[in-house]
file input.cif (mmCIF, C-alpha atoms and all ligand atoms)
data_structure
loop_
_atom_site.label_atom_id
_atom_site.label_comp_id
_atom_site.auth_asym_id
_atom_site.auth_seq_id
_atom_site.Cartn_x
_atom_site.Cartn_y
_atom_site.Cartn_z
CA MET A 29 -61.34 131.86 -11.59
CA SER A 30 -58.54 132.12 -9.02
CA ALA A 31 -58.93 130.42 -5.69
CA TYR A 32 -57.45 131.69 -2.48
CA CYS A 33 -56.78 130.44 1.03
CA LEU A 34 -57.36 133.06 3.69
CA ALA A 35 -55.19 133.62 6.76
CA THR A 36 -56.22 135.92 9.58
CA TYR A 37 -53.59 137.27 11.96
CA ARG A 38 -53.75 139.28 15.16
CA SER A 39 -50.85 141.69 15.01
CA PHE A 40 -49.84 143.73 18.06
CA ASP A 41 -48.01 147.01 17.75
CA GLU A 42 -48.19 150.27 19.68
CA LYS A 43 -47.80 152.53 16.68
CA ALA A 44 -47.71 150.55 13.42
CA ASP A 45 -49.67 151.52 10.34
CA PHE A 46 -51.52 148.20 10.18
CA HIS A 47 -52.79 148.81 6.63
CA LYS A 48 -49.20 149.21 5.47
CA LYS A 49 -48.24 146.13 7.45
CA ALA A 50 -51.04 144.12 5.84
CA GLN A 51 -49.90 145.20 2.39
CA GLY A 52 -46.35 144.20 3.31
CA ILE A 53 -47.53 140.70 4.30
CA ALA A 54 -49.68 140.27 1.20
CA VAL A 55 -46.85 141.20 -1.12
CA GLY A 56 -43.89 139.94 0.93
CA LEU A 57 -45.24 136.40 1.37
CA THR A 58 -46.25 136.07 -2.26
CA VAL A 59 -44.50 137.91 -5.10
CA GLY A 60 -41.90 139.62 -2.88
CA SER A 61 -42.19 143.10 -4.35
CA TRP A 62 -44.84 144.77 -6.44
CA THR A 63 -44.42 148.49 -6.97
CA GLU A 64 -40.87 147.92 -8.29
CA LEU A 65 -42.05 145.43 -10.93
CA PRO A 66 -42.12 146.61 -14.56
CA GLU A 67 -45.71 147.05 -15.77
CA ALA A 68 -45.33 144.24 -18.31
CA GLN A 69 -44.38 141.79 -15.56
CA LYS A 70 -47.24 142.87 -13.31
CA ALA A 71 -49.77 141.33 -15.68
CA SER A 72 -48.19 137.89 -15.45
CA MET A 73 -47.53 138.18 -11.69
CA GLU A 74 -51.01 139.38 -10.76
CA LYS A 75 -52.32 135.84 -10.24
CA HIS A 76 -49.57 135.20 -7.66
CA LEU A 77 -50.14 138.38 -5.68
CA GLY A 78 -51.62 138.14 -2.19
CA LYS A 79 -54.54 140.43 -1.42
CA VAL A 80 -55.47 142.32 1.72
CA VAL A 81 -59.04 141.29 2.52
CA SER A 82 -59.54 143.29 5.70
CA VAL A 83 -57.75 145.19 8.44
CA ASP A 84 -59.68 145.73 11.69
CA VAL A 85 -57.75 147.96 14.04
CA HIS A 86 -58.48 147.81 17.77
CA GLU A 87 -57.25 150.96 19.45
CA PRO A 88 -56.89 150.74 23.24
CA ALA A 89 -59.60 152.55 25.18
CA ALA A 90 -58.69 155.74 27.04
CA GLY A 91 -56.45 154.91 29.99
CA GLU A 92 -55.64 151.46 28.61
CA SER A 93 -52.05 150.51 27.87
CA LEU A 94 -50.85 150.99 24.29
CA SER A 95 -49.54 147.42 24.38
CA GLY A 96 -53.17 146.44 23.89
CA ARG A 97 -53.21 147.97 20.40
CA TYR A 98 -53.72 145.35 17.73
CA ALA A 99 -55.27 144.66 14.35
CA ASP A 100 -56.92 141.60 12.87
CA ILE A 101 -55.55 141.33 9.36
CA THR A 102 -56.91 138.92 6.74
CA ILE A 103 -54.83 138.13 3.70
CA ALA A 104 -55.91 136.02 0.70
CA TYR A 105 -53.15 133.80 -0.70
CA PRO A 106 -53.54 132.50 -4.26
CA ASP A 107 -53.67 128.70 -4.40
CA VAL A 108 -51.39 128.76 -7.42
CA ASN A 109 -48.50 129.70 -5.11
CA PHE A 110 -48.42 126.48 -3.10
CA SER A 111 -48.90 122.78 -3.58
CA ARG A 112 -51.94 121.11 -2.08
CA ASP A 113 -50.44 120.08 1.24
CA ILE A 114 -50.51 121.47 4.76
CA PRO A 115 -46.74 122.13 5.03
CA ALA A 116 -46.81 124.27 1.88
CA LEU A 117 -49.81 126.23 3.13
CA LEU A 118 -48.35 126.76 6.62
CA VAL A 119 -44.94 127.81 5.36
CA THR A 120 -46.60 130.27 2.98
CA VAL A 121 -48.96 131.89 5.46
CA PHE A 122 -46.95 131.63 8.67
CA GLY A 123 -43.42 130.57 7.88
CA LYS A 124 -41.11 133.54 8.31
CA LEU A 125 -44.00 135.66 9.52
CA SER A 126 -44.32 133.56 12.70
CA MET A 127 -40.96 134.95 13.79
CA ASP A 128 -41.65 138.56 12.91
CA GLY A 129 -42.77 140.29 16.09
CA LYS A 130 -46.00 139.96 18.05
CA ILE A 131 -48.24 138.19 15.61
CA LYS A 132 -50.55 135.19 15.97
CA LEU A 133 -52.28 133.17 13.27
CA ILE A 134 -55.89 133.16 14.48
CA ASP A 135 -57.77 131.66 11.54
CA LEU A 136 -57.33 129.82 8.28
CA LYS A 137 -59.96 129.40 5.58
CA PHE A 138 -59.22 126.99 2.79
CA SER A 139 -60.37 127.25 -0.79
CA THR A 140 -62.63 124.53 -2.15
CA ASP A 141 -59.81 123.67 -4.50
CA PHE A 142 -57.27 123.23 -1.71
CA LEU A 143 -59.67 121.18 0.38
CA ALA A 144 -60.36 118.84 -2.50
CA GLY A 145 -57.03 117.20 -1.62
CA PHE A 146 -58.23 116.45 1.92
CA PRO A 147 -60.86 113.75 2.34
CA GLY A 148 -60.79 114.35 6.13
CA PRO A 149 -61.59 111.77 8.79
CA LYS A 150 -62.21 108.28 7.40
CA PHE A 151 -64.61 107.40 10.21
CA GLY A 152 -65.34 110.65 11.98
CA LEU A 153 -67.80 110.99 14.80
CA GLN A 154 -70.54 108.95 13.16
CA GLY A 155 -68.17 106.19 12.07
CA VAL A 156 -66.76 105.81 15.58
CA ARG A 157 -70.27 105.63 17.01
CA ASP A 158 -71.18 103.01 14.39
CA LEU A 159 -68.16 100.87 15.28
CA LEU A 160 -69.17 100.93 18.93
CA GLY A 161 -72.91 100.71 18.33
CA VAL A 162 -73.49 103.64 20.69
CA HIS A 163 -75.57 106.52 19.34
CA ASP A 164 -77.53 107.92 22.24
CA ARG A 165 -74.99 109.14 24.77
CA PRO A 166 -71.53 110.66 25.11
CA LEU A 167 -68.79 108.04 24.88
CA LEU A 168 -66.46 107.27 27.76
CA MET A 169 -62.73 106.77 27.30
CA SER A 170 -60.04 105.85 29.78
CA ILE A 171 -56.29 106.23 29.59
CA PHE A 172 -53.66 103.77 30.68
CA LYS A 173 -51.68 105.23 33.56
CA SER A 174 -48.36 103.96 34.92
CA VAL A 175 -47.25 101.91 31.93
CA VAL A 176 -43.58 102.74 31.53
CA GLY A 177 -41.45 100.02 33.15
CA TYR A 178 -44.38 97.62 33.56
CA GLU A 179 -44.60 94.13 32.08
CA LEU A 180 -47.37 92.65 29.93
CA PRO A 181 -49.39 91.01 32.74
CA ALA A 182 -49.64 94.35 34.57
CA LEU A 183 -50.79 96.03 31.37
CA ARG A 184 -53.33 93.31 30.71
CA GLU A 185 -54.73 93.66 34.21
CA GLN A 186 -54.95 97.44 33.87
CA PHE A 187 -56.70 97.07 30.52
CA TYR A 188 -59.19 94.58 31.91
CA LEU A 189 -60.07 96.80 34.88
CA GLN A 190 -60.72 99.77 32.63
CA ALA A 191 -62.82 97.73 30.20
CA ALA A 192 -64.81 96.08 32.97
CA GLY A 193 -65.76 99.53 34.25
CA GLY A 194 -67.83 100.11 31.12
CA VAL A 195 -65.66 102.45 29.07
CA ASP A 196 -66.09 102.56 25.29
CA LEU A 197 -62.52 103.33 24.38
CA ILE A 198 -59.13 102.82 25.99
CA LYS A 199 -56.08 104.68 24.82
CA ASP A 200 -52.43 104.00 25.39
CA ASP A 201 -50.57 106.63 27.32
CA GLU A 202 -48.92 108.89 24.74
CA ILE A 203 -45.54 108.33 26.39
CA LEU A 204 -45.66 104.58 25.82
CA PHE A 205 -43.24 103.91 22.97
CA GLU A 206 -41.83 100.74 21.50
CA ASN A 207 -40.04 98.99 24.35
CA PRO A 208 -38.81 95.51 25.25
CA LEU A 209 -41.29 94.98 28.12
CA THR A 210 -44.51 95.71 26.23
CA PRO A 211 -43.79 95.70 22.48
CA MET A 212 -46.68 96.79 20.30
CA GLU A 213 -47.72 93.41 18.88
CA LYS A 214 -47.65 91.67 22.27
CA ARG A 215 -49.44 94.59 23.88
CA ILE A 216 -52.21 94.37 21.33
CA ALA A 217 -52.57 90.63 21.86
CA VAL A 218 -52.94 90.78 25.64
CA CYS A 219 -55.15 93.85 25.58
CA LEU A 220 -57.53 92.36 23.03
CA GLU A 221 -57.70 89.21 25.13
CA ALA A 222 -58.62 91.33 28.15
CA ALA A 223 -61.13 93.26 26.03
CA GLU A 224 -62.87 90.04 25.07
CA GLN A 225 -63.00 88.90 28.68
CA ALA A 226 -64.50 92.22 29.78
CA SER A 227 -66.90 92.34 26.86
CA LYS A 228 -68.45 89.04 27.95
CA GLU A 229 -69.24 90.70 31.25
CA THR A 230 -70.31 94.14 30.08
CA GLY A 231 -71.83 93.28 26.70
CA GLN A 232 -70.08 96.34 25.32
CA LYS A 233 -67.84 96.83 22.31
CA LEU A 234 -64.50 98.53 22.84
CA LEU A 235 -61.91 100.40 20.81
CA TYR A 236 -58.28 100.22 21.90
CA ALA A 237 -56.13 103.05 20.53
CA VAL A 238 -52.58 101.77 20.28
CA ASN A 239 -49.88 104.43 20.34
CA LEU A 240 -48.36 104.59 16.85
CA THR A 241 -44.71 105.53 17.38
CA GLY A 242 -41.25 105.24 15.88
CA PRO A 243 -39.44 106.86 12.96
CA THR A 244 -41.74 108.54 10.43
CA SER A 245 -40.56 106.27 7.61
CA GLN A 246 -41.81 103.21 9.52
CA LEU A 247 -45.17 104.53 10.73
CA ALA A 248 -47.43 103.32 7.93
CA ALA A 249 -45.92 99.83 8.06
CA ARG A 250 -46.25 99.76 11.85
CA ALA A 251 -49.85 100.91 11.63
CA LYS A 252 -50.66 98.12 9.18
CA ARG A 253 -48.88 95.60 11.39
CA ALA A 254 -50.90 96.80 14.38
CA ILE A 255 -54.12 96.45 12.39
CA SER A 256 -53.20 92.97 11.19
CA GLU A 257 -52.65 92.02 14.85
CA GLY A 258 -56.18 93.22 15.61
CA ALA A 259 -55.72 96.86 16.64
CA ASN A 260 -59.01 98.64 16.10
CA ALA A 261 -57.84 102.24 16.65
CA LEU A 262 -54.59 104.20 16.68
CA LEU A 263 -53.31 106.99 18.90
CA PHE A 264 -51.00 109.46 17.18
CA ASN A 265 -48.87 112.33 18.53
CA VAL A 266 -49.63 114.56 15.57
CA LEU A 267 -47.67 117.66 16.48
CA ALA A 268 -44.43 115.80 17.09
CA TYR A 269 -44.61 114.36 13.56
CA GLY A 270 -46.49 117.03 11.63
CA PHE A 271 -49.94 117.33 10.09
CA ASP A 272 -48.77 115.94 6.79
CA VAL A 273 -47.82 112.65 8.44
CA LEU A 274 -51.33 112.38 9.86
CA HIS A 275 -52.70 113.17 6.41
CA GLU A 276 -50.57 110.41 4.85
CA LEU A 277 -51.75 107.89 7.43
CA SER A 278 -55.40 108.85 7.30
CA THR A 279 -55.55 108.69 3.51
CA ASP A 280 -53.86 105.28 3.32
CA PRO A 281 -56.67 102.87 2.37
CA ALA A 282 -55.03 100.03 4.31
CA ILE A 283 -55.10 102.03 7.55
CA ASN A 284 -58.77 101.40 8.07
CA VAL A 285 -59.22 102.13 11.77
CA PRO A 286 -60.02 105.43 13.53
CA ILE A 287 -57.07 107.69 14.32
CA MET A 288 -57.05 109.57 17.61
CA ALA A 289 -54.98 112.76 17.62
CA HIS A 290 -53.09 113.53 20.82
CA PRO A 291 -52.26 117.22 21.45
CA ALA A 292 -48.80 116.63 23.00
CA MET A 293 -46.63 119.73 22.37
CA ALA A 294 -49.60 121.93 21.46
CA GLY A 295 -48.84 124.08 24.50
CA ALA A 296 -45.70 125.29 22.73
CA THR A 297 -47.90 126.83 20.03
CA TYR A 298 -51.38 128.04 21.00
CA PRO A 299 -51.55 129.56 24.53
CA SER A 300 -49.89 132.95 24.02
CA PRO A 301 -52.25 135.77 22.99
CA HIS A 302 -49.38 137.32 21.00
CA TYR A 303 -47.61 134.43 19.27
CA GLY A 304 -48.22 131.04 17.72
CA ILE A 305 -51.34 129.51 16.19
CA ALA A 306 -54.84 129.64 17.70
CA ALA A 307 -56.09 126.40 19.27
CA SER A 308 -59.10 126.29 16.94
CA VAL A 309 -56.72 126.18 13.96
CA LEU A 310 -54.07 123.92 15.47
CA LEU A 311 -56.30 121.43 17.27
CA GLY A 312 -59.43 122.06 15.21
CA LYS A 313 -59.23 122.85 11.51
CA LEU A 314 -55.82 121.35 10.77
CA MET A 315 -56.51 118.15 12.74
CA ARG A 316 -59.80 117.66 10.95
CA ILE A 317 -58.62 118.28 7.43
CA ALA A 318 -55.57 116.07 8.10
CA GLY A 319 -58.00 113.27 8.97
CA ALA A 320 -58.19 112.90 12.77
CA ASP A 321 -61.30 110.95 13.74
CA LEU A 322 -61.00 111.95 17.38
CA VAL A 323 -59.13 114.97 18.75
CA LEU A 324 -57.94 115.36 22.34
CA PHE A 325 -57.42 118.82 23.81
CA PRO A 326 -57.34 120.37 27.28
CA SER A 327 -60.75 121.28 28.69
CA PRO A 328 -61.77 124.46 30.53
CA TYR A 329 -62.53 122.50 33.70
CA GLY A 330 -59.71 120.11 34.58
CA SER A 331 -56.02 120.15 35.42
CA VAL A 332 -54.60 121.51 32.13
CA VAL A 333 -56.92 124.39 31.45
CA MET A 334 -57.79 126.06 28.18
CA PRO A 335 -60.07 129.13 28.14
CA LYS A 336 -63.67 128.17 27.45
CA GLU A 337 -64.10 130.30 24.33
CA GLU A 338 -61.07 128.61 22.74
CA ASN A 339 -62.47 125.21 23.70
CA LEU A 340 -65.83 125.95 22.17
CA ALA A 341 -64.13 127.26 19.04
CA ILE A 342 -62.36 123.89 18.67
CA LYS A 343 -65.65 122.08 19.21
CA GLN A 344 -67.38 124.23 16.62
CA VAL A 345 -64.69 123.54 14.02
CA LEU A 346 -64.63 119.79 14.67
CA LEU A 347 -68.41 119.41 14.60
CA THR A 348 -69.52 121.82 11.89
CA GLN A 349 -71.03 119.65 9.20
CA ASP A 350 -69.72 121.38 6.10
CA LEU A 351 -66.71 123.51 6.73
CA ARG A 352 -66.17 124.16 3.08
CA ASN A 353 -69.04 126.46 2.25
CA ASP A 354 -67.42 129.63 3.48
CA TYR A 355 -63.91 128.56 2.59
CA SER A 356 -63.72 129.98 -0.86
CA TYR A 357 -62.67 133.45 -1.72
CA GLN A 358 -63.94 134.27 -5.19
CA ALA A 359 -64.73 130.59 -5.70
CA GLU A 360 -68.07 128.90 -5.47
CA ALA A 361 -68.84 126.53 -2.62
CA ASP A 362 -69.09 122.91 -3.67
CA ALA A 363 -71.81 121.23 -1.65
CA SER A 364 -70.62 117.80 -2.67
CA LEU A 365 -67.35 118.29 -0.80
CA LYS A 366 -68.04 117.38 2.78
CA LEU A 367 -65.70 116.47 5.59
CA ALA A 368 -66.79 114.01 8.24
CA THR A 369 -66.86 115.59 11.68
CA SER A 370 -64.23 114.68 14.30
CA PHE A 371 -65.10 113.60 17.83
CA PRO A 372 -64.11 116.27 20.39
CA VAL A 373 -62.33 114.85 23.44
CA PRO A 374 -61.82 117.56 26.12
CA SER A 375 -59.32 116.01 28.51
CA ALA A 376 -56.89 116.24 31.44
CA GLY A 377 -57.89 116.14 35.08
CA ILE A 378 -61.45 115.05 34.29
CA HIS A 379 -63.43 113.41 37.14
CA PRO A 380 -67.11 112.48 37.43
CA GLY A 381 -67.98 115.78 39.13
CA ILE A 382 -67.03 117.59 35.92
CA VAL A 383 -69.31 115.54 33.63
CA PRO A 384 -72.34 117.91 33.88
CA LEU A 385 -70.16 120.82 32.70
CA ILE A 386 -68.81 118.82 29.76
CA LEU A 387 -72.29 117.82 28.65
CA ARG A 388 -73.63 121.34 29.18
CA ASP A 389 -70.94 122.81 26.90
CA PHE A 390 -70.47 119.99 24.39
CA GLY A 391 -73.83 118.23 24.29
CA THR A 392 -73.87 114.49 23.72
CA ASP A 393 -71.42 114.42 20.80
CA VAL A 394 -68.38 114.36 23.03
CA ILE A 395 -66.03 111.80 24.53
CA VAL A 396 -65.58 112.03 28.30
CA ASN A 397 -61.96 111.03 28.82
CA ALA A 398 -60.11 110.32 32.05
CA GLY A 399 -56.97 108.70 33.35
CA GLY A 400 -56.48 109.66 36.99
CA GLY A 401 -60.24 110.20 37.38
CA ILE A 402 -60.76 106.49 36.71
CA HIS A 403 -57.69 104.79 38.18
CA GLY A 404 -57.66 107.10 41.20
CA HIS A 405 -61.18 106.17 42.30
CA PRO A 406 -61.09 105.17 46.00
CA MET A 407 -62.94 101.91 45.23
CA GLY A 408 -60.63 101.01 42.33
CA THR A 409 -60.48 101.28 38.56
CA ILE A 410 -63.68 99.33 37.76
CA ALA A 411 -65.62 101.54 40.15
CA GLY A 412 -63.95 104.53 38.48
CA GLY A 413 -65.52 103.58 35.15
CA HIS A 414 -68.89 102.94 36.79
CA ALA A 415 -68.81 106.33 38.52
CA PHE A 416 -68.32 108.06 35.16
CA ARG A 417 -71.10 106.09 33.50
CA GLN A 418 -73.38 106.99 36.41
CA ALA A 419 -72.44 110.66 36.12
CA ILE A 420 -73.25 110.56 32.40
CA ASP A 421 -76.59 108.78 33.00
CA ALA A 422 -77.56 111.22 35.75
CA THR A 423 -76.74 114.23 33.60
CA LEU A 424 -78.66 112.89 30.61
CA GLN A 425 -81.66 112.31 32.88
CA GLY A 426 -81.39 115.81 34.29
CA VAL A 427 -80.74 114.51 37.80
CA HIS A 428 -78.23 116.33 40.00
CA LEU A 429 -75.15 114.20 40.69
CA ARG A 430 -75.63 114.51 44.43
CA ASP A 431 -79.15 113.05 44.17
CA TYR A 432 -78.08 110.27 41.81
CA ALA A 433 -75.17 109.44 44.12
CA GLN A 434 -77.57 108.52 46.93
CA THR A 435 -78.32 105.25 45.14
CA HIS A 436 -74.99 104.88 43.29
CA PRO A 437 -72.11 104.25 45.69
CA GLU A 438 -69.36 104.56 43.04
CA LEU A 439 -70.55 108.03 42.05
CA LYS A 440 -70.88 108.98 45.70
CA ALA A 441 -67.29 107.92 46.42
CA ALA A 442 -66.06 109.90 43.41
CA ILE A 443 -67.92 113.03 44.52
CA ASP A 444 -66.68 112.62 48.07
CA THR A 445 -63.13 112.47 46.68
CA TRP A 446 -63.16 115.14 43.97
CA GLY A 447 -66.36 117.10 44.54
CA ILE A 448 -68.73 118.52 41.92
CA LYS A 449 -67.59 121.39 39.78
CA GLU A 450 -70.34 123.98 39.36
C1 LIG B 501 -54.04 117.63 27.67
S1 LIG B 501 -55.14 116.60 26.81
C2 LIG B 501 -54.40 114.98 26.94
C3 LIG B 501 -54.92 114.20 28.07
C4 LIG B 501 -54.13 112.96 28.34
O1 LIG B 501 -53.54 112.38 27.46
C5 LIG B 501 -54.06 112.43 29.67
O2 LIG B 501 -53.28 111.51 29.88
C6 LIG B 501 -54.91 112.98 30.75
O3 LIG B 501 -54.81 112.20 31.89
P1 LIG B 501 -55.62 112.54 33.21
O4 LIG B 501 -55.10 111.61 34.25
O5 LIG B 501 -55.36 113.96 33.54
O6 LIG B 501 -57.08 112.29 32.93
#
call {"tool": "encode", "arguments": {"input": "input.cif", "output": "structure tokens", "more": "lines below"}}
Ligand SMILES: CSCCC(=O)C(=O)COP(=O)(O)O
result
Amino acid sequence: MSAYCLATYRSFDEKADFHKKAQGIAVGLTVGSWTELPEAQKASMEKHLGKVVSVDVHEPAAGESLSGRYADITIAYPDVNFSRDIPALLVTVFGKLSMDGKIKLIDLKFSTDFLAGFPGPKFGLQGVRDLLGVHDRPLLMSIFKSVVGYELPALREQFYLQAAGGVDLIKDDEILFENPLTPMEKRIAVCLEAAEQASKETGQKLLYAVNLTGPTSQLAARAKRAISEGANALLFNVLAYGFDVLHELSTDPAINVPIMAHPAMAGATYPSPHYGIAASVLLGKLMRIAGADLVLFPSPYGSVVMPKEENLAIKQVLLTQDLRNDYSYQAEADASLKLATSFPVPSAGIHPGIVPLILRDFGTDVIVNAGGGIHGHPMGTIAGGHAFRQAIDATLQGVHLRDYAQTHPELKAAIDTWGIKE
């Protein structure tokens, strides 16, 4: 039986016949032309032909502008048309089409067959929790800030202060590349030394996500070098390199540490209602099938804001246990094919006063992540970490931050500085 991957588009047009448009996409992006084909050829081409699954037209209400007229169009693309890799799928479903007027790719559903080539996250949410030995609360991550132009001792000190504040993970800044002052191997050495020092004081385990950078052809070797030097996690700017590069790295058996996907450049793709690729596809489905163990994305509450419904759609995609069941069109679901879930990391401009909102919307399977909200604490970086841990504890206990702050000076100072977001 044929298997299909499904793409759903939102197409905007004031007067188009959307059914005709859908047919044009289904044929144009697969066999090219259909009605002109001789009958004898149709039989052999049938298996390559795209199919229109649905066309839902949304006419503007009376008095509303015609520019609000759109249709959600779902097309089924036969798997036989493309190889089992993300570039082939994306070029098929949204290659030329992405440049053809007001149209946005809003969903992708993969066939069981296609997904069989994607083992997904090697560690996933559960694996990351296991590595850290933390299962009963949201994790806390901090981000190096002010690293470009600094020497190793300054980096070591910054690492130590973050770790001593009780964070579970520390990530490199995504703009820290290979450089003579803090080359990767030396950076790993001093940071792990600082991690050990802090761990003796906090009793906590820690993951340090080293930024994996450089030419694509050298990435796997650099990742393995980082791991052999003791790196226990990697940060990766997925969109600058492409999903297939993440897939290559995550499926390499020798790259046996969690990979954290940074969303740098995603803003060039998802925010427009009319163009690009929806955040839940870009930062959700594609990241997860490509093997990201943790995925960073802007939150609805901080400094780089993403609408809440888009945020929750990413969360849903990253945390849904078995994405594959509804992925097949005319193909049976295979219950044995399961992807690990990826840890959601809503980020940017997060401070302790935002923690209750994060936990309300994401539950406990979330990583609270902050750079400025930790380093910018008026009592210093260590206090910044403590303030976050206190905010998490208070929220889990159902205590209002203002009440908890009465006996927790670090939280109080954070609230006095940044307030509480209701
Ligand atoms: C837009 S999600 C990426 C967040 C990030 O990498 C970052 O550095 C956020 O730092 P902040 O000081 O805003 O917590």
call {"tool": "closest_residue", "arguments": {"input": "input.cif", "among": "A:Leu322, A:Ile305, A:Ala398, A:Val383", "to": "Gln418 (chain A)", "atoms": "all atoms listed in the file"}}
result
A:Val383
call {"tool": "residues_around", "arguments": {"input": "input.cif", "residues": "Phe325 (chain A)", "least_positions_apart": "3", "cutoff": "12 Å", "atoms": "only C-alpha atoms", "output": "PyMOL selection string"}}
result
chain A and resi 265+288-295+298+307-308+310-312+315+322+328-336+338-343+346+371-378+394-397
call {"tool": "closest_residue", "arguments": {"input": "input.cif", "among": "A:Gly399, A:Pro208, A:Gly304, A:Gly91", "to": "Gly123 (chain A)", "atoms": "only C-alpha atoms"}}
result
A:Gly304
call {"tool": "closest_residue", "arguments": {"input": "input.cif", "among": "A:Gly242, A:Tyr37, A:Phe122, A:Lys79", "to": "Ala268 (chain A)", "atoms": "only C-alpha atoms"}}
result
A:Gly242
call {"tool": "atom_distance", "arguments": {"input": "input.cif", "atom1": "CA of Gly400 (chain A)", "atom2": "CA of Arg184 (chain A)"}}
result
17.8 Å
